[in-house]
Every structure is written in C-alpha cells, then in structure tokens.
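I have placed the structure first, in the form of structure tokens, so that the comments after it can refer back to it.
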Amino acid sequence: MPTAREALLDAALAALGTRPWSAVRMVEVAAAAGVSRQTLYNEFGSKEGLARALVRRETDACLYGVERVLAARPDAVDRLVSVAEWLAGEAAARPLLRALLTGCWGEWLPPPRPARTRAGAGSRAP
C-alpha cells in the first residue's frame with residue numbers, strides 16, 4: 001500500500017493529466033488520495049512544495065531508469081544509444097519528465113521555482 005505522500009503525488013500527477021497546474025486544487029488532490037487537506041499541507045507545506053516534490057520524484061525516477069539502462073549494456077556506444085532511446089520513450093509518455101528534459105514549460109506545466117536562491121546570485125528565470 002502506498003504511503004500518504006506517494007498517494008498524494010500520484011493524485012497530483014493524475015490531476016495534472018486533466019487540467020493545468022493552476023486549476024489543480026489542493027482539496028481535490030487530498031480527496032483523490034484519500035487523506036485530509038491538513039495531511040497534504042503537513043507533508044508538502046504548500047502547493048509549491050507539492051510541485052517541487054513532483055519534479056523531484058520525476059527526476060529521481062528518470063535517474064534510476066538511466067542507471068538501469070546503463071548497467072544493462074557493456075559497450076559504451078550501446079549504453080549511450082540505449083539511454084537516448086529510453087529517455088525519448090519515457091519523455092513521450094510522461095509530460096512532466098518531457099518538460100524537465102526539454103525546458104518546454106507552459107500553462108499546463110509552469111516552470112518550477114527554485115526551492116531557495118543562492119546568496120549573491122542574480123535572479124534568473126529557468
């Protein structure tokens with residue numbers, strides 16, 4: 001059985017498949033995950049925190065997949081070709097991953113804001 005955190009991330013990703021992020025409501029995500037809205041806020045702090053967690057989960061899954069593909073091929077060229085093919089297939093099936101890899105954000109998937117800014121660093125748009 002998935003944890004409340006995983007259920008919330010799954011519910012948010014499912015909601016994102018039917019409407020833009022701006023239309024995704026925290027109360028609906030909590031209800032779809034079968035938890036209270038307070039549980040959602042306890043877990044992620046805010047809608048922005050939920051968005052960062054979604055991006056992080058997609059990134060972690062991508063890196064894990066790349067590691068698996070690399071480990072399955074002994075030849076360096078085969079490894080690179082296999083990773084490229086795998087990434088293309090995954091990106092085609094997963095819009096959030098596609099946006100992460102290409103930087104093509106939009107109304108449905110707005111660019112994530114950084115969790116924190118570096119001291120002395122200028123502000124740059126992603």
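Within each chain, counting starts at residue 1; across the structure tokens, chains are named A, B, ... in the order shown, with ligands numbered 1 upward in that order.
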
Residues flagged alpha helix (DSSP H) by DSSP in chain A, as a compact mmCIF listing (two decimals) with N, CA, C and O atoms, in the first residue's frame:
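Listed below is the output, selection.txt:
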```txt
# COMPACT_ATOMS: atom_id res chain seq x y z
N ALA A 4 0.97 7.93 2.35
CA ALA A 4 0.16 9.11 2.08
C ALA A 4 0.89 10.03 1.11
O ALA A 4 0.28 10.58 0.18
N ARG A 5 2.19 10.15 1.27
CA ARG A 5 2.99 11.01 0.39
C ARG A 5 2.90 10.52 -1.06
O ARG A 5 2.67 11.31 -1.98
N GLU A 6 3.11 9.23 -1.26
CA GLU A 6 3.04 8.68 -2.62
C GLU A 6 1.63 8.80 -3.19
O GLU A 6 1.47 9.12 -4.38
N ALA A 7 0.61 8.56 -2.38
CA ALA A 7 -0.77 8.69 -2.84
C ALA A 7 -1.06 10.13 -3.25
O ALA A 7 -1.74 10.38 -4.26
N LEU A 8 -0.55 11.09 -2.50
CA LEU A 8 -0.74 12.50 -2.83
C LEU A 8 -0.02 12.86 -4.12
O LEU A 8 -0.56 13.58 -4.97
N LEU A 9 1.20 12.39 -4.28
CA LEU A 9 1.94 12.67 -5.52
C LEU A 9 1.25 12.04 -6.72
O LEU A 9 1.14 12.66 -7.78
N ASP A 10 0.76 10.81 -6.56
CA ASP A 10 0.03 10.15 -7.64
C ASP A 10 -1.23 10.93 -7.99
O ASP A 10 -1.56 11.11 -9.18
N ALA A 11 -1.95 11.39 -6.97
CA ALA A 11 -3.19 12.15 -7.21
C ALA A 11 -2.89 13.48 -7.90
O ALA A 11 -3.63 13.89 -8.81
N ALA A 12 -1.84 14.14 -7.50
CA ALA A 12 -1.47 15.41 -8.13
C ALA A 12 -1.07 15.20 -9.58
O ALA A 12 -1.47 15.97 -10.46
N LEU A 13 -0.32 14.15 -9.84
CA LEU A 13 0.09 13.86 -11.22
C LEU A 13 -1.12 13.50 -12.08
O LEU A 13 -1.22 13.93 -13.23
N ALA A 14 -2.06 12.74 -11.51
CA ALA A 14 -3.29 12.40 -12.25
C ALA A 14 -4.10 13.66 -12.55
O ALA A 14 -4.62 13.83 -13.66
N ALA A 15 -4.20 14.56 -11.59
CA ALA A 15 -4.93 15.81 -11.80
C ALA A 15 -4.27 16.63 -12.89
O ALA A 15 -4.94 17.23 -13.73
N LEU A 16 -2.96 16.62 -12.92
CA LEU A 16 -2.20 17.35 -13.92
C LEU A 16 -2.43 16.80 -15.32
O LEU A 16 -2.26 17.51 -16.30
N MET A 26 -5.73 21.87 -4.12
CA MET A 26 -5.18 21.03 -3.05
C MET A 26 -6.26 20.15 -2.43
O MET A 26 -6.02 18.98 -2.13
N VAL A 27 -7.44 20.69 -2.23
CA VAL A 27 -8.52 19.92 -1.61
C VAL A 27 -8.88 18.72 -2.49
O VAL A 27 -9.17 17.63 -1.98
N GLU A 28 -8.84 18.89 -3.81
CA GLU A 28 -9.15 17.80 -4.73
C GLU A 28 -8.04 16.74 -4.72
O GLU A 28 -8.32 15.54 -4.80
N VAL A 29 -6.81 17.18 -4.64
CA VAL A 29 -5.68 16.25 -4.57
C VAL A 29 -5.79 15.41 -3.30
O VAL A 29 -5.64 14.18 -3.33
N ALA A 30 -6.06 16.07 -2.18
CA ALA A 30 -6.19 15.35 -0.91
C ALA A 30 -7.34 14.34 -0.96
O ALA A 30 -7.17 13.19 -0.55
N ALA A 31 -8.47 14.76 -1.49
CA ALA A 31 -9.62 13.85 -1.58
C ALA A 31 -9.32 12.66 -2.48
O ALA A 31 -9.65 11.51 -2.13
N ALA A 32 -8.66 12.90 -3.61
CA ALA A 32 -8.32 11.80 -4.52
C ALA A 32 -7.34 10.83 -3.88
O ALA A 32 -7.36 9.63 -4.18
N ALA A 33 -6.49 11.34 -3.00
CA ALA A 33 -5.51 10.48 -2.32
C ALA A 33 -6.10 9.80 -1.09
O ALA A 33 -5.47 8.93 -0.49
N ARG A 37 -6.92 17.45 3.80
CA ARG A 37 -6.13 18.54 3.26
C ARG A 37 -5.01 18.91 4.22
O ARG A 37 -3.90 19.25 3.80
N GLN A 38 -5.27 18.77 5.52
CA GLN A 38 -4.23 19.06 6.52
C GLN A 38 -3.04 18.11 6.36
O GLN A 38 -1.89 18.52 6.48
N THR A 39 -3.32 16.84 6.05
CA THR A 39 -2.24 15.88 5.81
C THR A 39 -1.39 16.32 4.61
O THR A 39 -0.16 16.25 4.65
N LEU A 40 -2.05 16.79 3.57
CA LEU A 40 -1.34 17.26 2.39
C LEU A 40 -0.43 18.43 2.77
O LEU A 40 0.75 18.45 2.41
N TYR A 41 -0.96 19.39 3.49
CA TYR A 41 -0.15 20.55 3.89
C TYR A 41 0.96 20.15 4.88
O TYR A 41 2.05 20.71 4.83
N ASN A 42 0.68 19.20 5.75
CA ASN A 42 1.72 18.72 6.66
C ASN A 42 2.87 18.08 5.87
O ASN A 42 4.04 18.21 6.25
N GLU A 43 2.53 17.39 4.82
CA GLU A 43 3.53 16.66 4.02
C GLU A 43 4.35 17.59 3.13
O GLU A 43 5.56 17.43 2.99
N PHE A 44 3.69 18.57 2.50
CA PHE A 44 4.36 19.39 1.48
C PHE A 44 4.44 20.88 1.80
O PHE A 44 5.17 21.60 1.15
N LYS A 47 1.27 24.36 -2.11
CA LYS A 47 1.13 23.85 -3.47
C LYS A 47 2.49 23.86 -4.17
O LYS A 47 2.82 22.96 -4.93
N GLU A 48 3.28 24.88 -3.89
CA GLU A 48 4.63 24.96 -4.46
C GLU A 48 5.49 23.80 -3.96
O GLU A 48 6.27 23.22 -4.72
N GLY A 49 5.34 23.45 -2.69
CA GLY A 49 6.07 22.31 -2.14
C GLY A 49 5.66 21.01 -2.81
O GLY A 49 6.49 20.13 -3.07
N LEU A 50 4.38 20.87 -3.08
CA LEU A 50 3.87 19.70 -3.80
C LEU A 50 4.46 19.66 -5.20
O LEU A 50 4.91 18.60 -5.67
N ALA A 51 4.52 20.79 -5.87
CA ALA A 51 5.10 20.85 -7.22
C ALA A 51 6.57 20.44 -7.20
O ALA A 51 7.02 19.67 -8.05
N ARG A 52 7.32 20.96 -6.23
CA ARG A 52 8.74 20.59 -6.12
C ARG A 52 8.89 19.08 -5.89
O ARG A 52 9.79 18.45 -6.44
N ALA A 53 8.02 18.52 -5.06
CA ALA A 53 8.09 17.08 -4.79
C ALA A 53 7.77 16.27 -6.04
O ALA A 53 8.39 15.23 -6.28
N LEU A 54 6.83 16.73 -6.84
CA LEU A 54 6.52 16.05 -8.11
C LEU A 54 7.73 16.07 -9.04
O LEU A 54 8.08 15.05 -9.64
N VAL A 55 8.35 17.24 -9.16
CA VAL A 55 9.54 17.37 -10.01
C VAL A 55 10.65 16.47 -9.49
O VAL A 55 11.32 15.78 -10.26
N ARG A 56 10.83 16.47 -8.19
CA ARG A 56 11.88 15.63 -7.59
C ARG A 56 11.63 14.14 -7.86
O ARG A 56 12.55 13.39 -8.20
N ARG A 57 10.37 13.71 -7.71
CA ARG A 57 10.05 12.30 -7.95
C ARG A 57 10.30 11.93 -9.41
O ARG A 57 10.87 10.87 -9.70
N GLU A 58 9.90 12.79 -10.34
CA GLU A 58 10.15 12.51 -11.75
C GLU A 58 11.64 12.45 -12.04
O GLU A 58 12.10 11.59 -12.79
N THR A 59 12.39 13.35 -11.46
CA THR A 59 13.85 13.38 -11.66
C THR A 59 14.49 12.12 -11.10
O THR A 59 15.32 11.49 -11.76
N ASP A 60 14.10 11.74 -9.89
CA ASP A 60 14.65 10.52 -9.29
C ASP A 60 14.32 9.28 -10.12
O ASP A 60 15.18 8.42 -10.34
N ALA A 61 13.08 9.19 -10.60
CA ALA A 61 12.68 8.04 -11.42
C ALA A 61 13.48 8.01 -12.73
O ALA A 61 13.89 6.94 -13.19
N CYS A 62 13.71 9.17 -13.30
CA CYS A 62 14.49 9.25 -14.53
C CYS A 62 15.93 8.79 -14.29
O CYS A 62 16.46 7.98 -15.05
N LEU A 63 16.54 9.30 -13.24
CA LEU A 63 17.92 8.91 -12.95
C LEU A 63 18.03 7.42 -12.66
O LEU A 63 18.99 6.76 -13.09
N TYR A 64 17.07 6.88 -11.94
CA TYR A 64 17.07 5.45 -11.66
C TYR A 64 16.96 4.65 -12.97
O TYR A 64 17.67 3.67 -13.18
N GLY A 65 16.08 5.10 -13.87
CA GLY A 65 15.93 4.43 -15.16
C GLY A 65 17.20 4.48 -15.98
O GLY A 65 17.60 3.49 -16.60
N VAL A 66 17.86 5.62 -15.99
CA VAL A 66 19.12 5.76 -16.73
C VAL A 66 20.17 4.81 -16.15
O VAL A 66 20.89 4.14 -16.90
N GLU A 67 20.26 4.74 -14.84
CA GLU A 67 21.21 3.82 -14.20
C GLU A 67 20.94 2.38 -14.61
O GLU A 67 21.87 1.63 -14.91
N ARG A 68 19.66 1.99 -14.63
CA ARG A 68 19.29 0.62 -15.04
C ARG A 68 19.71 0.34 -16.47
O ARG A 68 20.26 -0.72 -16.78
N VAL A 69 19.42 1.29 -17.37
CA VAL A 69 19.78 1.11 -18.78
C VAL A 69 21.30 1.02 -18.94
O VAL A 69 21.80 0.16 -19.66
N LEU A 70 22.02 1.88 -18.27
CA LEU A 70 23.49 1.85 -18.37
C LEU A 70 24.06 0.55 -17.85
O LEU A 70 25.00 0.00 -18.43
N ALA A 71 23.51 0.04 -16.78
CA ALA A 71 24.02 -1.21 -16.18
C ALA A 71 23.77 -2.42 -17.07
O ALA A 71 24.48 -3.43 -16.97
N ALA A 76 30.18 0.99 -24.46
CA ALA A 76 29.90 2.41 -24.23
C ALA A 76 28.93 3.00 -25.25
O ALA A 76 28.02 3.74 -24.89
N VAL A 77 29.12 2.67 -26.53
CA VAL A 77 28.23 3.20 -27.57
C VAL A 77 26.82 2.64 -27.37
O VAL A 77 25.83 3.39 -27.45
N ASP A 78 26.70 1.35 -27.11
CA ASP A 78 25.38 0.75 -26.86
C ASP A 78 24.71 1.40 -25.66
O ASP A 78 23.50 1.60 -25.64
N ARG A 79 25.51 1.71 -24.66
CA ARG A 79 24.95 2.33 -23.46
C ARG A 79 24.35 3.70 -23.79
O ARG A 79 23.24 4.01 -23.37
N LEU A 80 25.08 4.52 -24.53
CA LEU A 80 24.59 5.85 -24.88
C LEU A 80 23.36 5.79 -25.77
O LEU A 80 22.39 6.53 -25.56
N VAL A 81 23.37 4.91 -26.76
CA VAL A 81 22.22 4.76 -27.65
C VAL A 81 21.01 4.27 -26.85
O VAL A 81 19.90 4.80 -27.00
N SER A 82 21.23 3.31 -25.98
CA SER A 82 20.13 2.78 -25.17
C SER A 82 19.54 3.84 -24.25
O SER A 82 18.32 3.93 -24.08
N VAL A 83 20.39 4.66 -23.64
CA VAL A 83 19.90 5.74 -22.77
C VAL A 83 19.08 6.74 -23.59
O VAL A 83 18.00 7.16 -23.17
N ALA A 84 19.57 7.12 -24.75
CA ALA A 84 18.85 8.08 -25.60
C ALA A 84 17.49 7.52 -26.00
O ALA A 84 16.47 8.23 -25.93
N GLU A 85 17.45 6.26 -26.41
CA GLU A 85 16.18 5.65 -26.79
C GLU A 85 15.22 5.56 -25.61
O GLU A 85 14.03 5.84 -25.73
N TRP A 86 15.75 5.16 -24.46
CA TRP A 86 14.91 5.04 -23.27
C TRP A 86 14.36 6.41 -22.87
O TRP A 86 13.17 6.54 -22.58
N LEU A 87 15.22 7.44 -22.86
CA LEU A 87 14.77 8.78 -22.48
C LEU A 87 13.70 9.30 -23.44
O LEU A 87 12.72 9.91 -23.00
N ALA A 88 13.88 9.07 -24.73
CA ALA A 88 12.89 9.53 -25.70
C ALA A 88 11.53 8.86 -25.45
O ALA A 88 10.49 9.52 -25.49
N GLY A 89 11.55 7.58 -25.18
CA GLY A 89 10.31 6.86 -24.90
C GLY A 89 9.64 7.32 -23.62
O GLY A 89 8.42 7.53 -23.57
N GLU A 90 10.43 7.49 -22.58
CA GLU A 90 9.89 7.95 -21.30
C GLU A 90 9.33 9.37 -21.41
O GLU A 90 8.26 9.67 -20.89
N ALA A 91 10.06 10.24 -22.09
CA ALA A 91 9.61 11.62 -22.24
C ALA A 91 8.31 11.70 -23.04
O ALA A 91 7.46 12.54 -22.76
N ALA A 92 8.15 10.82 -24.03
CA ALA A 92 6.92 10.81 -24.82
C ALA A 92 5.72 10.41 -23.97
O ALA A 92 4.61 10.90 -24.17
N ALA A 93 5.95 9.54 -22.99
CA ALA A 93 4.85 9.04 -22.16
C ALA A 93 4.60 9.85 -20.90
O ALA A 93 3.54 9.74 -20.29
N PRO A 95 4.59 13.67 -19.52
CA PRO A 95 4.70 15.10 -19.82
C PRO A 95 5.58 15.88 -18.84
O PRO A 95 6.31 16.78 -19.27
N LEU A 96 5.53 15.56 -17.57
CA LEU A 96 6.36 16.29 -16.61
C LEU A 96 7.84 16.03 -16.87
O LEU A 96 8.65 16.95 -16.87
N LEU A 97 8.19 14.79 -17.14
CA LEU A 97 9.58 14.46 -17.47
C LEU A 97 9.99 15.16 -18.77
O LEU A 97 11.08 15.70 -18.87
N ARG A 98 9.10 15.17 -19.75
CA ARG A 98 9.40 15.83 -21.02
C ARG A 98 9.70 17.32 -20.79
O ARG A 98 10.66 17.85 -21.33
N ALA A 99 8.89 17.97 -19.96
CA ALA A 99 9.14 19.39 -19.67
C ALA A 99 10.47 19.57 -18.94
O ALA A 99 11.21 20.51 -19.23
N LEU A 100 10.79 18.67 -18.03
CA LEU A 100 12.06 18.75 -17.32
C LEU A 100 13.24 18.61 -18.26
O LEU A 100 14.24 19.33 -18.15
N LEU A 101 13.15 17.68 -19.20
CA LEU A 101 14.26 17.41 -20.11
C LEU A 101 14.41 18.47 -21.19
O LEU A 101 15.52 18.74 -21.64
N THR A 102 13.31 19.06 -21.61
CA THR A 102 13.36 19.99 -22.74
C THR A 102 13.28 21.46 -22.33
O THR A 102 13.62 22.33 -23.13
```

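Atom to atom, atom CA of A:Ser22 and atom CA of A:Pro2 stand 26.0 Å apart.
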
Quick one, how far is atom CA of A:Thr3 from atom CA of A:Gly45? 16.9 Å

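You will find atom CA of A:Met1 at 28.0 Å from atom CA of A:Pro20.
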